[in-house]
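K.L.:
Dropping in input_12.txt, which is compact mmCIF, C-alpha atoms and all ligand atoms:
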```
# COMPACT_ATOMS: atom_id res chain seq x y z
CA MET A 1 0.51 16.13 -22.70
CA SER A 2 1.72 15.44 -19.13
CA LYS A 3 -1.11 12.96 -18.52
CA ASN A 4 0.04 11.17 -21.61
CA ILE A 5 3.55 10.37 -20.32
CA CYS A 6 2.19 7.77 -17.92
CA PHE A 7 -1.12 6.12 -17.08
CA ILE A 8 -1.73 4.21 -13.84
CA ASP A 9 -4.90 2.40 -12.86
CA GLY A 10 -4.18 1.69 -9.20
CA LEU A 11 -7.27 -0.46 -8.71
CA GLU A 12 -6.77 -2.70 -11.73
CA GLY A 13 -2.96 -2.70 -11.54
CA ILE A 14 -2.37 -1.24 -15.01
CA LEU A 15 0.67 0.82 -15.96
CA LYS A 16 1.31 2.40 -19.37
CA TYR A 17 4.01 4.72 -20.66
CA ARG A 18 2.69 6.88 -23.52
CA GLU A 19 -0.40 4.64 -23.72
CA ILE A 20 1.55 1.40 -24.17
CA ASP A 21 1.20 -1.34 -21.55
CA ILE A 22 4.27 -2.02 -19.40
CA ASN A 23 4.11 -5.75 -20.22
CA GLN A 24 4.72 -4.89 -23.88
CA LEU A 25 7.36 -2.23 -23.17
CA VAL A 26 9.47 -4.51 -21.02
CA GLU A 27 10.29 -6.60 -24.10
CA LEU A 28 11.99 -3.62 -25.85
CA PRO A 29 15.48 -2.15 -25.32
CA TYR A 30 15.82 0.58 -22.66
CA ASP A 31 17.00 3.02 -25.35
CA ALA A 32 13.63 2.66 -27.12
CA ILE A 33 11.76 3.31 -23.85
CA SER A 34 13.90 6.34 -23.10
CA TYR A 35 13.14 7.67 -26.61
CA LEU A 36 9.43 6.90 -26.17
CA LEU A 37 9.22 8.80 -22.89
CA ILE A 38 11.15 11.84 -24.07
CA GLN A 39 9.96 12.09 -27.69
CA GLY A 40 6.41 10.86 -27.17
CA GLU A 41 6.40 7.84 -29.47
CA LEU A 42 8.37 4.69 -30.11
CA PRO A 43 11.27 5.17 -32.52
CA ALA A 44 11.35 3.60 -35.98
CA ASP A 45 14.36 1.30 -36.51
CA GLN A 46 16.52 4.04 -38.01
CA GLU A 47 15.55 6.55 -35.29
CA LEU A 48 16.41 4.01 -32.60
CA ALA A 49 19.78 3.26 -34.23
CA GLU A 50 20.62 6.98 -34.32
CA TYR A 51 19.40 7.63 -30.76
CA SER A 52 21.34 4.62 -29.40
CA ALA A 53 24.48 5.74 -31.25
CA ARG A 54 24.21 9.20 -29.67
CA LEU A 55 23.56 7.77 -26.19
CA HIS A 56 26.32 5.18 -26.36
CA GLY A 57 28.73 7.80 -27.69
CA GLU A 58 28.17 10.06 -24.64
CA ARG A 59 28.93 7.49 -21.93
CA GLU A 60 32.50 8.59 -21.20
CA ILE A 61 33.23 10.93 -18.27
CA ASN A 62 36.21 13.29 -18.24
CA ARG A 63 39.29 13.30 -15.99
CA GLU A 64 38.01 16.13 -13.76
CA VAL A 65 34.88 14.09 -13.02
CA MET A 66 37.02 11.05 -12.22
CA ASP A 67 39.09 13.23 -9.85
CA VAL A 68 35.94 14.25 -7.95
CA ILE A 69 34.77 10.63 -7.82
CA ARG A 70 38.11 9.72 -6.24
CA MET A 71 37.66 12.53 -3.68
CA CYS A 72 34.30 11.13 -2.43
CA LYS A 73 34.34 9.22 0.86
CA LEU A 74 34.49 5.50 0.21
CA ASP A 75 31.77 4.36 2.58
CA ILE A 76 28.81 6.51 1.49
CA ASP A 77 25.65 5.40 -0.32
CA ALA A 78 26.19 5.71 -4.08
CA MET A 79 23.28 8.19 -4.19
CA GLU A 80 25.34 10.70 -2.19
CA ALA A 81 28.17 10.48 -4.72
CA LEU A 82 25.78 10.55 -7.69
CA ARG A 83 23.93 13.64 -6.45
CA THR A 84 27.22 15.52 -5.96
CA ILE A 85 28.71 14.48 -9.28
CA VAL A 86 25.66 15.18 -11.44
CA SER A 87 25.71 18.68 -10.00
CA PHE A 88 29.47 18.93 -10.72
CA ILE A 89 29.32 17.77 -14.37
CA SER A 90 26.86 20.43 -15.51
CA GLN A 91 29.73 22.94 -15.86
CA PHE A 92 31.31 20.80 -18.62
CA ASP A 93 28.13 20.69 -20.72
CA PRO A 94 28.49 23.15 -23.63
CA ASP A 95 24.69 23.35 -23.84
CA LEU A 96 24.09 24.18 -20.17
CA ASP A 97 22.61 27.59 -20.96
CA ASP A 98 20.96 26.57 -24.22
CA SER A 99 17.34 26.00 -23.25
CA SER A 100 16.14 25.40 -26.81
CA PRO A 101 14.50 21.98 -27.36
CA GLU A 102 17.63 20.87 -29.27
CA GLY A 103 19.97 22.08 -26.49
CA ASN A 104 17.83 20.38 -23.87
CA MET A 105 17.81 17.15 -25.90
CA ARG A 106 21.63 17.16 -26.07
CA LYS A 107 21.78 17.63 -22.28
CA ALA A 108 19.21 14.86 -21.79
CA ILE A 109 21.30 12.42 -23.80
CA ARG A 110 24.44 13.27 -21.86
CA LEU A 111 22.67 12.84 -18.51
CA ILE A 112 21.09 9.49 -19.42
CA ALA A 113 24.38 8.24 -20.87
CA LYS A 114 26.75 9.41 -18.11
CA ILE A 115 24.77 8.58 -14.96
CA PRO A 116 25.45 4.79 -15.24
CA THR A 117 29.15 5.51 -15.80
CA ILE A 118 29.29 7.71 -12.69
CA VAL A 119 27.57 5.07 -10.52
CA ALA A 120 29.80 2.24 -11.75
CA ALA A 121 33.00 4.32 -11.47
CA TYR A 122 32.17 5.43 -7.92
CA TYR A 123 31.44 1.85 -6.90
CA ARG A 124 34.71 0.52 -8.30
CA VAL A 125 36.84 3.33 -6.84
CA ALA A 126 35.13 2.91 -3.44
CA ASN A 127 36.08 -0.78 -3.59
CA GLY A 128 39.71 -0.13 -4.49
CA LYS A 129 39.33 -1.07 -8.17
CA ASP A 130 40.07 0.83 -11.35
CA PRO A 131 37.04 2.18 -13.22
CA VAL A 132 36.10 0.23 -16.36
CA PRO A 133 35.50 2.46 -19.41
CA PRO A 134 32.10 2.07 -21.12
CA ASP A 135 31.66 -0.21 -24.12
CA ALA A 136 29.58 1.53 -26.80
CA SER A 137 28.67 -1.79 -28.41
CA LEU A 138 26.66 -2.92 -25.36
CA SER A 139 23.06 -2.16 -24.37
CA HIS A 140 22.33 0.23 -21.47
CA GLY A 141 21.87 -2.71 -19.07
CA ALA A 142 24.78 -4.85 -20.27
CA ASN A 143 27.16 -1.88 -20.37
CA PHE A 144 26.29 -0.89 -16.80
CA LEU A 145 26.96 -4.40 -15.49
CA TYR A 146 30.18 -4.54 -17.51
CA MET A 147 31.42 -1.24 -16.03
CA LEU A 148 30.40 -2.38 -12.55
CA LYS A 149 31.93 -5.86 -12.55
CA GLY A 150 34.64 -5.62 -15.19
CA ARG A 151 33.28 -8.65 -17.06
CA LYS A 152 30.58 -9.03 -19.68
CA PRO A 153 27.31 -10.16 -18.05
CA SER A 154 25.45 -13.33 -19.04
CA GLU A 155 22.57 -12.88 -21.49
CA LEU A 156 20.04 -13.34 -18.69
CA GLU A 157 21.76 -10.84 -16.36
CA ALA A 158 21.91 -8.25 -19.16
CA GLU A 159 18.24 -8.82 -19.96
CA VAL A 160 17.21 -8.50 -16.30
CA MET A 161 19.21 -5.27 -15.87
CA GLU A 162 17.66 -3.81 -19.03
CA LYS A 163 14.16 -4.69 -17.79
CA ASP A 164 14.96 -3.27 -14.35
CA PHE A 165 15.82 0.09 -15.95
CA ILE A 166 12.59 -0.02 -18.02
CA LEU A 167 10.39 -0.86 -15.04
CA SER A 168 12.00 1.96 -13.05
CA ALA A 169 11.87 4.51 -15.86
CA GLU A 170 8.63 6.32 -15.19
CA HIS A 171 5.76 6.46 -12.72
CA GLU A 172 3.70 9.58 -13.21
CA LEU A 173 3.87 12.23 -10.50
CA ASN A 174 5.75 10.29 -7.82
CA ALA A 175 7.72 12.32 -5.27
CA SER A 176 11.01 12.55 -7.20
CA THR A 177 9.32 13.37 -10.52
CA PHE A 178 7.30 16.04 -8.78
CA SER A 179 10.54 17.52 -7.40
CA SER A 180 12.12 17.54 -10.85
CA ARG A 181 9.05 19.15 -12.37
CA VAL A 182 8.93 21.88 -9.71
CA THR A 183 12.57 22.73 -10.43
CA ALA A 184 11.96 22.72 -14.21
CA SER A 185 8.87 24.89 -13.69
CA THR A 186 11.12 27.73 -12.55
CA LEU A 187 12.94 27.36 -15.92
CA SER A 188 16.05 26.20 -14.08
CA ASP A 189 18.37 23.97 -16.16
CA LEU A 190 17.95 20.23 -16.71
CA TYR A 191 20.91 19.26 -14.48
CA SER A 192 19.33 21.12 -11.55
CA ALA A 193 16.00 19.39 -12.18
CA VAL A 194 17.68 15.96 -12.26
CA VAL A 195 19.60 16.74 -9.04
CA SER A 196 16.24 17.59 -7.39
CA GLY A 197 14.89 14.22 -8.51
CA LEU A 198 17.95 12.43 -7.12
CA CYS A 199 17.65 14.15 -3.72
CA THR A 200 14.01 13.09 -3.41
CA LEU A 201 14.43 9.55 -4.74
CA LYS A 202 17.01 8.92 -2.02
CA GLY A 203 14.47 8.79 0.85
CA PRO A 204 13.56 5.41 2.41
CA LEU A 205 9.84 5.92 1.76
CA HIS A 206 10.63 6.28 -1.98
CA GLY A 207 13.63 4.85 -3.90
CA GLY A 208 15.54 4.08 -0.70
CA ALA A 209 13.12 1.25 0.10
CA ARG A 210 14.93 -1.11 -2.31
CA ALA A 211 18.13 -1.06 -0.25
CA GLU A 212 16.08 -1.62 2.90
CA VAL A 213 14.44 -4.66 1.31
CA MET A 214 17.91 -6.12 0.72
CA THR A 215 18.92 -5.46 4.32
CA MET A 216 15.66 -7.07 5.49
CA LEU A 217 16.37 -10.20 3.41
CA GLU A 218 19.81 -10.42 5.03
CA GLU A 219 18.35 -9.96 8.50
CA ILE A 220 15.69 -12.64 7.97
CA GLY A 221 18.27 -14.98 6.46
CA ASN A 222 16.06 -17.89 5.40
CA PRO A 223 12.40 -18.67 4.56
CA GLY A 224 11.77 -20.28 7.96
CA ASN A 225 12.40 -16.96 9.77
CA ALA A 226 10.14 -14.84 7.57
CA GLU A 227 6.83 -15.33 9.36
CA LYS A 228 8.20 -14.43 12.81
CA TYR A 229 9.91 -11.31 11.41
CA VAL A 230 6.77 -10.07 9.65
CA LEU A 231 4.50 -10.75 12.64
CA GLU A 232 6.87 -8.79 14.90
CA LYS A 233 6.92 -5.84 12.48
CA ILE A 234 3.15 -5.82 12.24
CA GLY A 235 2.83 -6.14 16.02
CA ASN A 236 5.07 -3.09 16.45
CA ARG A 237 3.13 -1.21 13.72
CA ASP A 238 6.34 -0.93 11.69
CA LYS A 239 6.22 -0.73 7.90
CA ILE A 240 7.53 -3.71 5.96
CA MET A 241 9.79 -2.34 3.27
CA GLY A 242 8.85 -3.01 -0.35
CA PHE A 243 5.14 -3.28 0.44
CA GLY A 244 2.28 -0.82 0.00
CA HIS A 245 1.81 2.01 -2.45
CA ARG A 246 0.05 5.36 -2.46
CA VAL A 247 -1.58 4.65 -5.84
CA TYR A 248 -1.78 0.85 -6.27
CA LYS A 249 -4.44 -0.79 -4.18
CA THR A 250 -3.70 -4.14 -5.80
CA TYR A 251 -0.50 -5.90 -6.95
CA ASP A 252 1.92 -3.41 -8.54
CA PRO A 253 2.27 -4.60 -12.17
CA ARG A 254 6.02 -3.91 -12.00
CA GLY A 255 6.16 -6.11 -8.89
CA THR A 256 4.59 -8.96 -10.87
CA ILE A 257 7.25 -8.72 -13.59
CA PHE A 258 10.07 -8.38 -11.06
CA LYS A 259 8.77 -11.45 -9.26
CA GLN A 260 8.90 -13.50 -12.49
CA LEU A 261 12.40 -12.19 -13.27
CA SER A 262 13.71 -13.00 -9.80
CA ARG A 263 12.34 -16.54 -10.09
CA GLN A 264 14.02 -16.89 -13.51
CA LEU A 265 17.36 -15.73 -12.04
CA ALA A 266 16.99 -18.02 -9.01
CA GLU A 267 16.34 -21.04 -11.26
CA ALA A 268 19.18 -20.15 -13.63
CA LYS A 269 21.58 -19.88 -10.67
CA GLY A 270 20.18 -23.05 -9.09
CA ASP A 271 19.65 -21.19 -5.81
CA MET A 272 16.07 -20.55 -4.67
CA HIS A 273 17.14 -19.24 -1.24
CA TRP A 274 16.42 -15.50 -1.65
CA TYR A 275 13.37 -16.08 -3.82
CA ASP A 276 11.85 -18.47 -1.27
CA THR A 277 12.63 -16.08 1.59
CA ALA A 278 10.94 -13.23 -0.29
CA GLU A 279 7.91 -15.35 -1.12
CA ALA A 280 7.58 -16.39 2.53
CA ILE A 281 7.61 -12.68 3.51
CA GLU A 282 5.00 -11.91 0.85
CA ASN A 283 2.74 -14.79 1.90
CA THR A 284 2.77 -13.67 5.53
CA VAL A 285 2.13 -9.99 4.69
CA VAL A 286 -0.76 -10.91 2.38
CA ARG A 287 -2.26 -13.33 4.92
CA GLU A 288 -1.97 -10.87 7.85
CA LEU A 289 -2.68 -7.52 6.20
CA VAL A 290 -4.74 -8.27 3.08
CA GLU A 291 -6.76 -11.31 4.08
CA LYS A 292 -7.20 -10.67 7.82
CA LYS A 293 -7.24 -6.86 7.94
CA GLY A 294 -8.44 -5.92 4.45
CA LYS A 295 -5.51 -3.51 3.82
CA PRO A 296 -4.27 -3.45 0.21
CA ILE A 297 -0.59 -4.02 1.07
CA TYR A 298 1.12 -5.94 -1.76
CA PRO A 299 4.74 -6.02 -2.98
CA ASN A 300 5.67 -2.81 -4.78
CA VAL A 301 8.41 -2.13 -7.35
CA ASP A 302 11.12 -2.30 -4.70
CA PHE A 303 10.46 -5.75 -3.25
CA TYR A 304 11.40 -8.34 -5.87
CA SER A 305 13.88 -5.93 -7.49
CA GLY A 306 15.73 -6.16 -4.17
CA VAL A 307 15.71 -9.95 -4.58
CA ILE A 308 17.14 -9.60 -8.09
CA TYR A 309 20.04 -7.50 -6.77
CA LYS A 310 20.82 -10.23 -4.22
CA TYR A 311 21.15 -12.73 -7.08
CA MET A 312 23.24 -10.31 -9.16
CA ASP A 313 25.60 -9.57 -6.22
CA ILE A 314 24.66 -5.90 -6.26
CA PRO A 315 25.13 -4.39 -2.79
CA PRO A 316 22.36 -2.36 -1.06
CA GLN A 317 24.50 0.82 -1.29
CA LEU A 318 23.90 0.79 -5.06
CA ALA A 319 20.19 -0.04 -5.11
CA THR A 320 18.76 3.49 -5.19
CA ALA A 321 21.39 4.78 -7.60
CA ILE A 322 20.47 1.96 -9.99
CA PHE A 323 16.83 2.99 -9.67
CA ALA A 324 17.95 6.53 -10.64
CA ILE A 325 19.70 5.23 -13.78
CA GLY A 326 16.34 4.00 -15.04
CA ARG A 327 14.23 6.86 -13.72
CA VAL A 328 16.23 9.73 -15.25
CA SER A 329 14.43 9.32 -18.62
CA GLY A 330 11.06 9.74 -16.88
CA TRP A 331 12.22 12.84 -14.99
CA ILE A 332 13.46 14.36 -18.23
CA ALA A 333 10.19 13.59 -20.09
CA HIS A 334 8.31 15.47 -17.35
CA CYS A 335 10.79 18.37 -17.36
CA PHE A 336 10.40 18.80 -21.13
CA ASP A 337 6.65 18.83 -20.70
CA GLN A 338 6.99 21.42 -17.93
CA TYR A 339 9.36 23.61 -20.00
CA GLU A 340 6.68 23.76 -22.71
CA LYS A 341 4.12 24.99 -20.19
CA LYS A 342 6.40 27.86 -19.04
CA LYS A 343 4.40 28.05 -15.82
CA ILE A 344 5.73 27.89 -12.26
CA ILE A 345 4.32 25.19 -9.96
CA ARG A 346 3.28 26.92 -6.76
CA PRO A 347 0.82 24.95 -4.61
CA ARG A 348 -0.77 26.53 -1.51
CA ALA A 349 0.21 25.29 1.95
CA PHE A 350 -3.28 23.95 2.72
CA MET A 351 -2.81 21.42 -0.11
CA LEU A 352 -0.24 19.62 2.08
CA ASP A 353 -3.12 18.41 4.23
CA GLU A 354 -4.16 16.26 1.27
CA CYS A 355 -0.75 14.54 1.05
N1 LIG B 401 3.87 -2.44 5.89
C1 LIG B 401 2.89 -2.53 6.85
N2 LIG B 401 1.81 -1.72 6.86
C2 LIG B 401 1.70 -0.83 5.87
C3 LIG B 401 2.69 -0.70 4.85
C4 LIG B 401 3.80 -1.54 4.89
N3 LIG B 401 4.76 -1.48 3.97
N4 LIG B 401 2.32 0.30 4.01
C5 LIG B 401 1.16 0.78 4.48
N5 LIG B 401 0.79 0.10 5.60
C6 LIG B 401 -0.40 0.33 6.41
C7 LIG B 401 -0.15 1.54 7.31
O1 LIG B 401 0.38 1.17 8.56
C8 LIG B 401 -1.56 2.12 7.44
O2 LIG B 401 -2.28 1.37 8.38
P1 LIG B 401 -3.36 2.09 9.35
O3 LIG B 401 -4.44 2.56 8.42
O4 LIG B 401 -3.79 0.97 10.27
O5 LIG B 401 -2.64 3.20 10.03
C9 LIG B 401 -2.16 1.84 6.06
O6 LIG B 401 -1.47 0.70 5.54
C10 LIG B 401 -1.98 3.02 5.10
O7 LIG B 401 -0.61 3.35 5.11
P2 LIG B 401 -0.03 4.77 4.70
O8 LIG B 401 1.40 4.89 5.14
O9 LIG B 401 -0.99 5.84 5.13
O10 LIG B 401 -0.08 4.65 3.11
P3 LIG B 401 0.51 5.69 2.12
O11 LIG B 401 -0.26 5.57 0.88
O12 LIG B 401 0.64 7.02 2.75
O13 LIG B 401 2.02 5.16 1.96
C11 LIG B 401 3.94 4.09 1.24
C12 LIG B 401 2.53 4.52 0.87
C13 LIG B 401 4.76 5.31 1.73
C14 LIG B 401 4.62 3.50 0.03
C15 LIG B 401 3.84 3.04 2.38
O14 LIG B 401 3.09 1.91 1.93
C16 LIG B 401 5.19 2.62 2.89
O15 LIG B 401 5.78 3.31 3.73
N6 LIG B 401 5.73 1.46 2.38
C17 LIG B 401 7.03 1.00 2.78
C18 LIG B 401 8.13 1.78 2.06
C19 LIG B 401 8.22 1.42 0.58
O16 LIG B 401 8.23 0.27 0.19
N7 LIG B 401 8.33 2.49 -0.24
C20 LIG B 401 8.46 2.34 -1.71
C21 LIG B 401 7.20 2.78 -2.40
S1 LIG B 401 7.31 2.61 -4.14
C22 LIG B 401 8.34 3.88 -4.57
O17 LIG B 401 8.33 4.93 -4.02
C23 LIG B 401 9.25 3.65 -5.65
```
Could you quickly redo this structure as structure tokens?
P.N.:
Amino acid sequence: MSKNICFIDGLEGILKYREIDINQLVELPYDAISYLLIQGELPADQELAEYSARLHGEREINREVMDVIRMCKLDIDAMEALRTIVSFISQFDPDLDDSSPEGNMRKAIRLIAKIPTIVAAYYRVANGKDPVPPDASLSHGANFLYMLKGRKPSELEAEVMEKDFILSAEHELNASTFSSRVTASTLSDLYSAVVSGLCTLKGPLHGGARAEVMTMLEEIGNPGNAEKYVLEKIGNRDKIMGFGHRVYKTYDPRGTIFKQLSRQLAEAKGDMHWYDTAEAIENTVVRELVEKKGKPIYPNVDFYSGVIYKYMDIPPQLATAIFAIGRVSGWIAHCFDQYEKKKIIRPRAFMLDEC
């Protein structure tokens, strides 16, 4: 079953969740994708309505959690706060020790529902604003932006956020999913497995690259500076953030969709600045590394998503935490699969030589 959660063809640039192509999935609501990953198939209309009602009804966080959010330092990356608070909230879950499939499903729904609320509340408190309570009538993407900014997003912004969560939701046995699975393989609880995923996603070679892309865009400033910046990085043998992938040896299919979405946002806002800067970076990387040196270094999932956050006024400190909001459904799908196996993952040390 685990192979079935996700399929990647890294040479052809194909990505499927549960055997359905990502280009099809991105047109559906995030709730349907979350259901698909966790339950194994797309929900019928009634099943989706019930699942969404359960998810949207679990978005609130209690006063104790708000107190801990207020105790966090104000200047930390949102991932630091999120990791701490997800660990803290497990004690309030009445199903924490119920490892039946039903108990695990109830925990899954609470985790998927509350993580966006935690991220938005931390961000607002850290910026001296009052948290905005969730709105159960809004989609996952629209509700997150509403809680973050305190105003309802435009239709396009809500659609882009929803697609961002879908494109981030699952990617086979990447580093953070592997972490979550290892924790679940010991039959530890779902909160612990999700905390493991968060800790691993945080690293700059994994989910942390998105924030670094945003910082790079700021540093470069405008399209005219991109070539010089990239040539210097390559000359120093530094990695250019948001490029390259362990599995894809061609364009990351999520990168293609993110590129289209960032162009759409740029045009809607009448401001091509960040899009043009990103494209100038991409053109130089492809010319220097792909065409001249034959290395398959193309934009990955983090590159144009970073551009999107620039257009949506989302700061770099939130980029990885937003990735986690989408990815939690994928981690949980893998944990459920691992719980069924009831077998501990215990590789031998010599296998690290392969990594
Ligand atoms: N910029 C410049 N050169 C690169 C890049 C890059 N982003 N990525 C790989 N290369 C080059 C390496 O220098 C190396 O060249 P060499 O053979 O001359 O030494 C070659 O390509 C292979 O690179 P590795 O690091 O061995 O590739 P690996 O598969 O181990 O790494 C990784 C994949 C970690 C994603 C890497 O491409 C990287 O560090 N990218 C930048 C960080 C990033 O964007 N991470 C997000 C990945 S997607 C995700 O996790 C959600």
K.L.:
Which residue is closest to ligand LIG 401 (chain B)? Choose from A:Gly57, A:Gly235, A:Pro101, A:Gly221 and count only C-alpha atoms and all ligand atoms.
P.N.:
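Residue with the minimum atom-to-atom distance to ligand LIG 401 (chain B): A:Gly235.
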K.L.:
Per residue of stretch 68-156 of chain A within 9 Å of stretch 22-33 of chain A, note the shortest atom pair and the distance in Å to one decimal, counting only C-alpha atoms, and order the rows by chain and increasing residue number, as CSV.
P.N.:
```
residue,atom,partner,partner_atom,distance
A:Ser139,CA,A:Pro29,CA,7.6
A:His140,CA,A:Tyr30,CA,6.6
A:Gly141,CA,A:Tyr30,CA,7.8
```
K.L.:
Using all atoms listed in the file, which residues have at least one atom no more than 7 Å from ligand LIG 401 (chain B)? Output them as a list of chain:residue names.
P.N.:
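The neighbouring residues of ligand LIG 401 (chain B) are, in order, A:Pro204, A:Leu205, A:His206, A:Gly207, A:Ala209, A:Ile234, A:Arg237, A:Asp238, A:Lys239, A:Ile240, A:Met241, A:Gly242, A:Phe243, A:Gly244, A:His245, A:Arg246, A:Val247, A:Lys295, A:Ile297, A:Asn300, A:Val301, A:Asp302.
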K.L.:
Which is closer to A:Ala108 than all the others in A:Ile308, A:Ala193, A:Leu231, A:Ile14, using all atoms listed in the file?
P.N.:
A:Ala193
K.L.:
For A:Pro43, find every residue with an atom within 10 Å (counting all atoms listed in the file), except residues of its own chain fewer than 5 positions away, and show them as a list in words.
P.N.:
Asp31, Ala32, Ile33, Ser34, Tyr35, Leu36, Leu48, Ala49, Glu50 and Tyr51 of chain A
K.L.:
List as a list in words the residues having at least one atom at most 9 Å from position (9.9, -3.4, -8.9) as given in the file, counting only C-alpha atoms.
P.N.:
Asp164, Leu167, Ser168, Arg210, Gly242, Asp252, Pro253, Arg254, Gly255, Thr256, Ile257, Phe258, Lys259, Pro299, Asn300, Val301, Asp302, Phe303, Tyr304, Ser305 and Gly306 of chain A
K.L.:
Which residue, A:Glu12, A:Asp98, A:Asp337, A:Glu227, has the smallest gap to A:Asn283 when you use only C-alpha atoms?
P.N.:
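Nearest to A:Asn283: A:Glu227.
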K.L.:
Using only C-alpha atoms, pick whichever of A:Ser179, A:Asn127, A:Gln91, A:Gln46 has the shortest atom-to-atom distance to A:Trp331.
P.N.:
A:Ser179
K.L.:
Would you write out, as a Markdown table, a table of all residues in stretch 23-125 of chain A that have an atom no more than 8 Å from an atom of stretch 142-161 of chain A, listing for each the closest atom pair and the distance in Å to one decimal, considering all atoms listed in the file and ordering rows by chain and rising residue number?
P.N.:
```
| residue | atom | partner | partner_atom | distance |
| --- | --- | --- | --- | --- |
| A:Pro116 | CA | A:Phe144 | CA | 5.9 |
| A:Thr117 | CA | A:Phe144 | CA | 7.1 |
| A:Ala120 | CA | A:Leu148 | CA | 4.7 |
| A:Ala121 | CA | A:Leu148 | CA | 7.3 |
| A:Tyr123 | CA | A:Leu148 | CA | 7.1 |
| A:Arg124 | CA | A:Leu148 | CA | 6.7 |
```
K.L.:
Kindly indicate which residue among A:Leu190, A:Ile5, A:Ala169, A:Val195 lies nearest to A:Leu96, using all atoms listed in the file for the distances.
P.N.:
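Selected residue with least distance to A:Leu96: A:Leu190.
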K.L.:
Could you jot down the atom CA of A:Lys114 to atom CA of A:Val65 separation for me, Å, one decimal place?
P.N.:
10.7 Å
K.L.:
When you draw a straight line from atom CA of A:His334 to atom CA of A:Leu42, how long is it in Å?
P.N.:
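Computed distance, atom CA of A:His334 to atom CA of A:Leu42, equals 16.7 Å.
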K.L.:
In terms of the shortest atom-to-atom distance over only C-alpha atoms, which of A:Glu170, A:Asp95, A:Glu19, A:Asp77 is closest to A:Ala333?
P.N.:
A:Glu170
K.L.:
Please compute the atom CA of A:Tyr248-atom CA of A:Leu173 distance, one decimal, in Å.
P.N.:
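Atom-to-atom, atom CA of A:Tyr248 and atom CA of A:Leu173 are spaced 13.4 Å apart.
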K.L.:
Set the distance at 12 Å and use all atoms listed in the file: which residues neighbour A:Ser188 once local chain neighbours fewer than 5 positions away are removed? I'd like the list as JSON, numbers by chain.
P.N.:
{"A": [96, 97, 98, 99, 104, 180, 181, 182, 183, 193, 194, 195, 196, 335, 336, 338, 339, 342, 343, 344]}
K.L.:
Set up a box along x, y and z of the file covering all listed atoms of stretch 206-224 of chain A, add 6 Å on every one of the six sides, and write the centre and edge lengths in Å to one decimal, as JSON.
P.N.:
```
{"center_x": 15.2, "center_y": -7.0, "center_z": 2.3, "size_x": 21.2, "size_y": 38.6, "size_z": 24.4}
```
K.L.:
Set the distance at 9 Å and use all atoms listed in the file: which residues neighbour stretch 66-68 of chain A once local chain neighbours fewer than 5 positions away are removed? I'd like the list as a PDB file with C-alpha atoms, in the coordinates of the input.
P.N.:
```pdb
ATOM      1  CA  ILE A  61      33.230  10.930 -18.270  1.00  0.00           C
ATOM      2  CA  ILE A  85      28.710  14.480  -9.280  1.00  0.00           C
ATOM      3  CA  PHE A  88      29.470  18.930 -10.720  1.00  0.00           C
ATOM      4  CA  ILE A 118      29.290   7.710 -12.690  1.00  0.00           C
ATOM      5  CA  ALA A 121      33.000   4.320 -11.470  1.00  0.00           C
ATOM      6  CA  TYR A 122      32.170   5.430  -7.920  1.00  0.00           C
ATOM      7  CA  PRO A 131      37.040   2.180 -13.220  1.00  0.00           C
TER       8      PRO A 131
END
```
